[in-house]
Amino acid sequence: MNATPSDEQAEFVAFVQARQHRLLRSAYLMCGDHHRAEDLLQDALVKLALRWRQVRHGEPEAYLRTIMYRDAVSWWRRRRRETLIDVVPQAAGCDGAEAVPDRMVFAAALARLAPRQRAVLVLRFFDDLTEARTAEVLGVSVGTVKSQTSVALRRLRALAPELGELLAAGRER
């Protein structure tokens with residue numbers, strides 16, 4: 001039985017509603033700016049919507065993440081400069097007030113990593129993708145994922161030594 005356009009649209013809406021918050025968090029971690037993250041996700045969702053009929057029975061979330069991460073890398077390449085700030089702004093309404101200082105230190109250190117290193121860490125440890133899947137999403141080899149993860153974790157340890165226990169958990173994966 002073929003799906004009608006309204007069935008496909010309802011399927012797409014349900015897909016987006018079920019995943020939008022987690023995808024927005026991933027986008028934020030990738031680019032470090034809430035407004036840019038919203039734009040990144042919105043652009044990726046538009047691209048997914050245009051191809052929904054072809055990808056809906058496969059892995060649409062993987063397709064969406066690939067779009068999102070490749071668009072983020074393209075944006076970084078166009079931008080070609082870093083915006084450094086002295087103080088990370090405090091987010092309103094955070095859960096777990098005791099973890100806020102660690103999150104702020106981690107966010108500041110993460111923002112100072114190279115875009116590919118940041119992408120690898122977000123995909124591996126926040127999105128919990130395997131090395132192979134991370135390599136596929138980023139269009140690189142598994143060896144590149146391993147080396148970028150190692151370099152990024154070492155750099156995070158240097159940038160934020162007070163996060164030693166948190167970063168040691170990344171080594172155990």
# chains A, B, ... in the order shown; residues from 1 in each chain; ligands from 1

$ residues_around --residues "Leu156 (chain A)" --least-positions-apart "6" --cutoff "9 Å" --atoms "only C-alpha atoms" --output "MDAnalysis selection string"
chainID A and resid 106 109:110 112:113 163 167

$ residues_around --residues "Phe15 (chain A)" --least-positions-apart "4" --cutoff "10 Å" --atoms "only C-alpha atoms" --output "list in words"
Gln9, Ala10, Glu11, Arg19, Gln20, Arg56, Pro60 and Glu61 of chain A

$ atom_distance --atom1 "CA of Gln42 (chain A)" --atom2 "CA of Leu64 (chain A)"
10.5 Å

$ residues_around --residues "Val151 (chain A)" --least-positions-apart "3" --cutoff "12 Å" --atoms "only C-alpha atoms" --output "ChimeraX atom specification"
/A:113-114,116-118,120-121,144-148,154-158,171

$ atom_distance --atom1 "CA of Arg36 (chain A)" --atom2 "CA of Leu153 (chain A)"
24.6 Å

$ residues_around --residues "Leu45 (chain A)" --least-positions-apart "2" --cutoff "12 Å" --atoms "only C-alpha atoms" --output "PyMOL selection string"
chain A and resi 12-13+15-17+19-20+23-24+38-43+47-52+60-61+63-68+71

$ atom_distance --atom1 "CA of Glu136 (chain A)" --atom2 "CA of Asp33 (chain A)"
24.9 Å

$ closest_residue --among "A:Met104, A:Arg70, A:Arg77, A:Phe125" --to "Val140 (chain A)" --atoms "only C-alpha atoms"
A:Arg70
